[in-house]
file run-v5.json (JSON, C-alpha atoms)
[["chain", "number", "residue", "atom", "x", "y", "z"],
["A", 791, "ALA", "CA", 15.71, 27.97, 4.42],
["A", 792, "SER", "CA", 12.50, 28.74, 6.34],
["A", 793, "PRO", "CA", 10.14, 29.05, 3.31],
["A", 794, "ARG", "CA", 11.61, 25.85, 1.90],
["A", 795, "ALA", "CA", 11.01, 23.99, 5.15],
["A", 796, "ALA", "CA", 7.49, 25.43, 5.25],
["A", 797, "ALA", "CA", 6.82, 24.08, 1.74],
["A", 798, "VAL", "CA", 7.71, 20.57, 2.88],
["A", 799, "ALA", "CA", 5.65, 20.95, 6.05],
["A", 800, "VAL", "CA", 2.59, 22.19, 4.14],
["A", 801, "GLY", "CA", 2.86, 19.36, 1.59],
["A", 802, "ALA", "CA", 3.19, 16.69, 4.30],
["A", 803, "ALA", "CA", 0.35, 18.27, 6.31],
["A", 804, "SER", "CA", -1.90, 18.21, 3.23],
["A", 805, "LEU", "CA", -1.40, 14.46, 2.82],
["A", 806, "ALA", "CA", -1.80, 13.81, 6.55],
["A", 807, "ARG", "CA", -5.01, 15.87, 6.72],
["A", 808, "TYR", "CA", -6.46, 14.01, 3.72],
["A", 809, "HIS", "CA", -5.82, 10.61, 5.32],
["A", 810, "ARG", "CA", -7.21, 11.73, 8.68],
["A", 811, "ALA", "CA", -10.38, 12.96, 6.94],
["A", 812, "LEU", "CA", -10.57, 9.69, 4.96],
["A", 813, "THR", "CA", -10.39, 7.65, 8.16],
["A", 814, "ARG", "CA", -13.13, 9.78, 9.74],
["A", 815, "ARG", "CA", -15.38, 9.41, 6.68],
["A", 816, "GLU", "CA", -14.87, 5.65, 6.60],
["A", 817, "SER", "CA", -15.61, 5.40, 10.32],
["A", 818, "GLY", "CA", -18.87, 7.24, 9.63],
["A", 819, "GLY", "CA", -19.81, 4.70, 6.97],
["A", 820, "ALA", "CA", -19.08, 6.82, 3.90],
["A", 821, "PRO", "CA", -17.98, 4.79, 0.86],
["A", 822, "SER", "CA", -14.35, 4.95, -0.21],
["A", 823, "TRP", "CA", -12.01, 3.09, -2.53],
["A", 824, "ARG", "CA", -10.76, 0.98, 0.38],
["A", 825, "SER", "CA", -14.24, 0.13, 1.69],
["A", 826, "GLN", "CA", -15.44, -0.80, -1.80],
["A", 827, "ILE", "CA", -12.48, -3.16, -2.27],
["A", 828, "GLU", "CA", -13.19, -4.66, 1.14],
["A", 829, "ALA", "CA", -16.87, -5.20, 0.32],
["A", 830, "THR", "CA", -15.95, -6.75, -3.04],
["A", 831, "ARG", "CA", -13.52, -9.18, -1.37],
["A", 832, "VAL", "CA", -16.22, -10.23, 1.13],
["A", 833, "GLN", "CA", -18.78, -10.76, -1.66],
["A", 834, "TRP", "CA", -16.23, -12.71, -3.71],
["A", 835, "THR", "CA", -15.37, -14.92, -0.73],
["A", 836, "ARG", "CA", -19.03, -15.67, -0.07],
["A", 837, "HIS", "CA", -19.60, -16.48, -3.74],
["A", 838, "VAL", "CA", -16.67, -18.91, -3.80],
["A", 839, "LEU", "CA", -17.81, -20.62, -0.60],
["A", 840, "ARG", "CA", -21.43, -20.81, -1.76],
["A", 841, "THR", "CA", -20.61, -22.22, -5.20],
["A", 842, "GLU", "CA", -17.61, -24.25, -4.01],
["A", 843, "GLY", "CA", -15.58, -22.77, -6.86],
["A", 844, "TRP", "CA", -12.25, -23.85, -5.40],
["A", 845, "LEU", "CA", -10.40, -24.01, -8.72],
["A", 846, "TYR", "CA", -11.65, -20.55, -9.67],
["A", 847, "ALA", "CA", -10.65, -19.21, -6.24],
["A", 848, "ILE", "CA", -7.15, -20.68, -6.41],
["A", 849, "GLN", "CA", -6.61, -19.30, -9.92],
["A", 850, "ALA", "CA", -7.76, -15.83, -8.87],
["A", 851, "LEU", "CA", -5.63, -15.94, -5.71],
["A", 852, "ARG", "CA", -2.62, -17.17, -7.70],
["A", 853, "ASN", "CA", -2.90, -14.15, -10.00],
["A", 854, "ALA", "CA", -3.25, -11.78, -7.03],
["A", 855, "ILE", "CA", -0.33, -13.41, -5.20],
["A", 856, "THR", "CA", 1.82, -13.09, -8.33],
["A", 857, "ALA", "CA", 0.92, -9.41, -8.69],
["A", 858, "ASN", "CA", 1.67, -8.65, -5.03],
["A", 859, "THR", "CA", 4.92, -10.61, -5.12],
["A", 860, "PHE", "CA", 5.99, -8.75, -8.25],
["A", 861, "LEU", "CA", 5.20, -5.41, -6.63],
["A", 862, "ALA", "CA", 7.02, -6.34, -3.42],
["A", 863, "SER", "CA", 10.14, -7.50, -5.29],
["A", 864, "THR", "CA", 10.11, -4.45, -7.58],
["A", 865, "VAL", "CA", 9.83, -2.07, -4.62],
["A", 866, "LEU", "CA", 12.62, -3.94, -2.79],
["A", 867, "SER", "CA", 14.79, -3.59, -5.90],
["A", 868, "LEU", "CA", 14.11, 0.16, -5.89],
["A", 869, "PHE", "CA", 14.97, 0.20, -2.17],
["A", 870, "THR", "CA", 18.31, -1.53, -2.87],
["A", 871, "VAL", "CA", 19.21, 0.81, -5.74],
["A", 872, "THR", "CA", 18.24, 3.87, -3.69],
["A", 873, "THR", "CA", 20.30, 2.68, -0.72],
["A", 874, "GLY", "CA", 23.32, 2.19, -2.98],
["A", 875, "TYR", "CA", 22.89, 5.66, -4.46],
["A", 876, "LEU", "CA", 22.56, 7.24, -1.01],
["A", 877, "ARG", "CA", 25.73, 5.49, 0.14],
["A", 878, "ALA", "CA", 27.62, 6.84, -2.88],
["A", 879, "VAL", "CA", 26.31, 10.36, -2.25],
["A", 880, "LEU", "CA", 27.24, 10.28, 1.43],
["A", 881, "GLN", "CA", 30.78, 9.18, 0.60],
["A", 882, "GLN", "CA", 31.23, 12.57, -1.06],
["A", 883, "GLY", "CA", 30.18, 14.38, 2.13],
["A", 884, "PHE", "CA", 27.38, 14.43, 4.70],
["A", 885, "ASP", "CA", 24.31, 16.52, 3.89],
["A", 886, "ALA", "CA", 21.45, 16.55, 6.41],
["A", 887, "VAL", "CA", 18.81, 17.44, 3.78],
["A", 888, "VAL", "CA", 19.89, 14.54, 1.55],
["A", 889, "VAL", "CA", 19.70, 12.18, 4.53],
["A", 890, "VAL", "CA", 16.16, 13.38, 5.36],
["A", 891, "GLN", "CA", 15.05, 13.06, 1.73],
["A", 892, "PHE", "CA", 16.40, 9.57, 1.22],
["A", 893, "SER", "CA", 15.40, 8.35, 4.68],
["A", 894, "GLY", "CA", 11.80, 9.31, 3.88],
["A", 895, "LEU", "CA", 11.96, 7.63, 0.50],
["A", 896, "LEU", "CA", 13.54, 4.46, 1.89],
["A", 897, "ALA", "CA", 10.99, 4.25, 4.72],
["A", 898, "LEU", "CA", 8.09, 4.56, 2.26],
["A", 899, "LEU", "CA", 9.57, 1.92, -0.05],
["A", 900, "LEU", "CA", 10.17, -0.48, 2.82],
["A", 901, "CYS", "CA", 6.62, -0.04, 4.16],
["A", 902, "SER", "CA", 5.22, -0.57, 0.66],
["A", 903, "ALA", "CA", 7.21, -3.77, 0.09],
["A", 904, "TYR", "CA", 6.23, -5.08, 3.53],
["A", 905, "ASN", "CA", 2.51, -4.55, 2.89],
["A", 906, "PHE", "CA", 2.63, -6.13, -0.56],
["A", 907, "SER", "CA", 4.40, -9.18, 0.86],
["A", 908, "GLN", "CA", 1.84, -9.41, 3.68],
["A", 909, "ALA", "CA", -1.00, -9.27, 1.14],
["A", 910, "ALA", "CA", 0.60, -12.19, -0.75],
["A", 911, "ARG", "CA", 1.11, -14.11, 2.51],
["A", 912, "LEU", "CA", -2.52, -13.66, 3.58],
["A", 913, "MET", "CA", -3.81, -14.71, 0.16],
["A", 914, "THR", "CA", -1.65, -17.83, 0.35],
["A", 915, "HIS", "CA", -3.28, -18.68, 3.69],
["A", 916, "ALA", "CA", -6.72, -18.05, 2.21],
["A", 917, "GLY", "CA", -5.96, -20.47, -0.61],
["A", 918, "PHE", "CA", -5.51, -23.27, 1.91],
["A", 919, "MET", "CA", -8.54, -22.20, 3.94],
["A", 920, "PHE", "CA", -11.20, -21.97, 1.22],
["A", 921, "PRO", "CA", -11.89, -25.68, 0.62],
["A", 922, "VAL", "CA", -12.02, -26.60, 4.32],
["A", 923, "ALA", "CA", -13.76, -23.59, 5.86],
["A", 924, "GLY", "CA", -16.98, -24.66, 7.48],
["A", 925, "ASP", "CA", -16.19, -28.38, 7.63],
["A", 926, "ALA", "CA", -17.48, -30.01, 10.79],
["A", 927, "ASP", "CA", -13.94, -30.82, 11.92],
["A", 928, "ALA", "CA", -12.46, -27.46, 10.86],
["A", 929, "GLY", "CA", -12.83, -26.00, 14.37],
["A", 930, "ILE", "CA", -12.34, -22.23, 14.32],
["A", 931, "LEU", "CA", -11.83, -22.21, 10.54],
["A", 932, "THR", "CA", -15.20, -20.70, 9.63],
["A", 933, "PRO", "CA", -16.27, -18.85, 6.47],
["A", 934, "ALA", "CA", -16.10, -15.64, 8.52],
["A", 935, "ALA", "CA", -12.43, -16.37, 9.24],
["A", 936, "VAL", "CA", -11.73, -16.62, 5.50],
["A", 937, "GLU", "CA", -13.56, -13.34, 4.94],
["A", 938, "ARG", "CA", -11.40, -11.66, 7.60],
["A", 939, "ILE", "CA", -8.22, -12.95, 5.95],
["A", 940, "MET", "CA", -9.36, -11.62, 2.57],
["A", 941, "VAL", "CA", -10.24, -8.23, 4.07],
["A", 942, "LYS", "CA", -6.82, -8.05, 5.76],
["A", 943, "SER", "CA", -5.15, -8.89, 2.45],
["A", 944, "SER", "CA", -7.06, -6.08, 0.73],
["A", 945, "HIS", "CA", -5.99, -3.64, 3.48],
["A", 946, "CYS", "CA", -2.35, -4.66, 3.03],
["A", 947, "GLN", "CA", -2.56, -4.29, -0.75],
["A", 948, "TRP", "CA", -4.20, -0.86, -0.34],
["A", 949, "ALA", "CA", -1.49, 0.23, 2.10],
["A", 950, "GLY", "CA", 1.27, -1.03, -0.21],
["A", 951, "LEU", "CA", -0.10, 1.05, -3.06],
["A", 952, "ARG", "CA", -0.62, 4.07, -0.79],
["A", 953, "TYR", "CA", 2.98, 4.01, 0.46],
["A", 954, "LEU", "CA", 4.16, 3.67, -3.14],
["A", 955, "TYR", "CA", 2.05, 6.67, -4.22],
["A", 956, "HIS", "CA", 3.55, 8.72, -1.39],
["A", 957, "THR", "CA", 7.04, 8.24, -2.77],
["A", 958, "LEU", "CA", 6.11, 10.61, -5.63],
["A", 959, "PRO", "CA", 6.47, 13.88, -3.67],
["A", 960, "VAL", "CA", 9.75, 12.70, -2.12],
["A", 961, "VAL", "CA", 11.13, 11.72, -5.53],
["A", 962, "CYS", "CA", 10.12, 15.16, -6.84],
["A", 963, "TRP", "CA", 11.90, 16.72, -3.87],
["A", 964, "ILE", "CA", 15.09, 14.79, -4.64],
["A", 965, "LEU", "CA", 14.97, 15.38, -8.40],
["A", 966, "GLY", "CA", 13.99, 19.03, -7.97],
["A", 967, "GLY", "CA", 17.38, 19.65, -6.42],
["A", 968, "GLY", "CA", 18.62, 22.79, -4.75],
["A", 969, "ALA", "CA", 16.16, 25.46, -3.69],
["A", 970, "SER", "CA", 13.36, 24.28, -6.00],
["A", 971, "GLY", "CA", 13.23, 20.72, -4.59],
["A", 972, "GLU", "CA", 11.07, 21.63, -1.61],
["A", 973, "TYR", "CA", 8.60, 23.47, -3.85],
["A", 974, "ALA", "CA", 8.50, 20.47, -6.17],
["A", 975, "PHE", "CA", 7.61, 18.37, -3.09],
["A", 976, "LEU", "CA", 4.79, 20.79, -2.21],
["A", 977, "VAL", "CA", 3.31, 20.79, -5.72],
["A", 978, "ALA", "CA", 3.54, 16.99, -6.00],
["A", 979, "ALA", "CA", 1.98, 16.51, -2.54],
["A", 980, "LEU", "CA", -0.92, 18.83, -3.38],
["A", 981, "LEU", "CA", -1.49, 17.11, -6.74],
["A", 982, "LEU", "CA", -1.31, 13.68, -5.06],
["A", 983, "THR", "CA", -3.81, 14.77, -2.41],
["A", 984, "ARG", "CA", -6.17, 15.95, -5.14],
["A", 985, "GLY", "CA", -5.68, 12.77, -7.17],
["A", 986, "LEU", "CA", -6.29, 10.48, -4.20],
["A", 987, "GLY", "CA", -9.41, 12.45, -3.29],
["A", 988, "GLN", "CA", -10.84, 11.81, -6.76],
["A", 989, "ILE", "CA", -10.36, 8.02, -6.67]]

call {"tool": "encode", "arguments": {"input": "run-v5.json", "output": "structure tokens"}}
result
Amino acid sequence: ASPRAAAVAVGAASLARYHRALTRRESGGAPSWRSQIEATRVQWTRHVLRTEGWLYAIQALRNAITANTFLASTVLSLFTVTTGYLRAVLQQGFDAVVVVQFSGLLALLLCSAYNFSQAARLMTHAGFMFPVAGDADAGILTPAAVERIMVKSSHCQWAGLRYLYHTLPVVCWILGGGASGEYAFLVAALLLTRGLGQI
């Protein structure tokens, strides 16, 4: 059991180390997928405010809200199906490894759905804010406030996708079954780390 546990630990450590290094690089100003999306959202917000393209903004936000809502509902559906399957499995007998596997998968799915729904919520707020930001009677509702909302929405969308990507190693662990499941987790985690590093 020890080599199998080590395989899971090494796979999880690989993903954790990648994200720690990513955070350090971003703090140092190095470009990343997340920072590029953030910069694009800021530029887009400034363009909309400068050109007063409210209809264009609302149409673009509507599409983004629809996409995030679809992702959130799809992930919640997967969460529900997975919970039902886990319940059926546990009725046949308790297995600590199965509980760990499915608890990890369920936690990742729930975090993903939460972040997608938050991205949709923030974009909905931004839709109301765009036309009135900067009005004399708008108070604290400044263009910078709209930019911050759009950046937060991009962070939530990024996190939702990241949590969803991280379900891949856990799914491989579950589907691998038996003694090979942990090694499937390790291989999938290493491949995911490499893939994320190339984005």

call {"tool": "closest_atom_pairs", "arguments": {"input": "run-v5.json", "of": "range 908-980 of chain A", "to": "range 814-830 of chain A", "cutoff": "8 Å", "atoms": "all atoms listed in the file", "output": "CSV"}}
result
residue,atom,partner,partner_atom,distance
A:Val941,CA,A:Glu828,CA,5.5
A:Ser944,CA,A:Glu828,CA,6.3
A:His945,CA,A:Arg824,CA,7.3
A:Trp948,CA,A:Arg824,CA,6.9

call {"tool": "residues_around", "arguments": {"input": "run-v5.json", "residues": "range 863-866 of chain A", "least_positions_apart": "5", "cutoff": "12 Å", "atoms": "only C-alpha atoms", "output": "VMD selection string"}}
result
chain A and resid 856 to 858 871 to 873 895 to 907 910 950 to 951 953 to 955 957

call {"tool": "closest_residue", "arguments": {"input": "run-v5.json", "among": "A:Val961, A:Val977, A:Leu851, A:Ala799", "to": "Met913 in chain A", "atoms": "only C-alpha atoms"}}
result
A:Leu851

call {"tool": "closest_residue", "arguments": {"input": "run-v5.json", "among": "A:His915, A:His956, A:Arg794, A:Arg836", "to": "Ala806 in chain A", "atoms": "all atoms listed in the file"}}
result
A:His956

call {"tool": "closest_residue", "arguments": {"input": "run-v5.json", "among": "A:Leu958, A:Leu868, A:Ala854, A:Ile964", "to": "Leu912 in chain A", "atoms": "all atoms listed in the file"}}
result
A:Ala854

call {"tool": "axis_aligned_box", "arguments": {"input": "run-v5.json", "around": "range 863-882 of chain A", "padding_each_side": "3 Å", "output": "lines of an AutoDock Vina configuration file"}}
result
center_x = 20.5
center_y = 2.5
center_z = -3.1
size_x = 27.4
size_y = 26.1
size_z = 15.0

call {"tool": "atom_distance", "arguments": {"input": "run-v5.json", "atom1": "CA of Gly987 in chain A", "atom2": "CA of Leu812 in chain A"}}
result
8.8 Å

call {"tool": "residues_around", "arguments": {"input": "run-v5.json", "residues": "Leu876 in chain A", "least_positions_apart": "4", "cutoff": "9 Å", "atoms": "all atoms listed in the file", "output": "mmCIF file with C-alpha atoms, in the frame of the given file"}}
result
data_model
loop_
_atom_site.group_PDB
_atom_site.id
_atom_site.type_symbol
_atom_site.label_atom_id
_atom_site.label_comp_id
_atom_site.auth_asym_id
_atom_site.auth_seq_id
_atom_site.Cartn_x
_atom_site.Cartn_y
_atom_site.Cartn_z
ATOM 1 C CA VAL A 871 19.210 0.810 -5.740
ATOM 2 C CA THR A 872 18.240 3.870 -3.690
ATOM 3 C CA LEU A 880 27.240 10.280 1.430
ATOM 4 C CA GLN A 881 30.780 9.180 0.600
ATOM 5 C CA VAL A 888 19.890 14.540 1.550
ATOM 6 C CA VAL A 889 19.700 12.180 4.530
ATOM 7 C CA PHE A 892 16.400 9.570 1.220
#

call {"tool": "closest_residue", "arguments": {"input": "run-v5.json", "among": "A:Gln849, A:Glu842, A:Val887, A:Ser943", "to": "Gly968 in chain A", "atoms": "all atoms listed in the file"}}
result
A:Val887

call {"tool": "atom_distance", "arguments": {"input": "run-v5.json", "atom1": "CA of Arg938 in chain A", "atom2": "CA of Arg807 in chain A"}}
result
28.3 Å

call {"tool": "atom_distance", "arguments": {"input": "run-v5.json", "atom1": "CA of Leu931 in chain A", "atom2": "CA of Arg852 in chain A"}}
result
21.0 Å

call {"tool": "residues_around", "arguments": {"input": "run-v5.json", "residues": "Thr983 in chain A", "least_positions_apart": "2", "cutoff": "7 Å", "atoms": "all atoms listed in the file", "output": "PyMOL selection string"}}
result
chain A and resi 804-805+808+979-981+985-987

call {"tool": "closest_residue", "arguments": {"input": "run-v5.json", "among": "A:Ser792, A:Thr859, A:Thr835, A:Thr813", "to": "Ile939 in chain A", "atoms": "only C-alpha atoms"}}
result
A:Thr835

call {"tool": "closest_residue", "arguments": {"input": "run-v5.json", "among": "A:Ile848, A:Gln891, A:Ala797, A:Arg831", "to": "Val936 in chain A", "atoms": "only C-alpha atoms"}}
result
A:Arg831

call {"tool": "residues_around", "arguments": {"input": "run-v5.json", "residues": "Arg840 in chain A", "least_positions_apart": "5", "cutoff": "12 Å", "atoms": "all atoms listed in the file", "output": "MDAnalysis selection string"}}
result
chainID A and resid 833:835 847 920:921 923:924 933
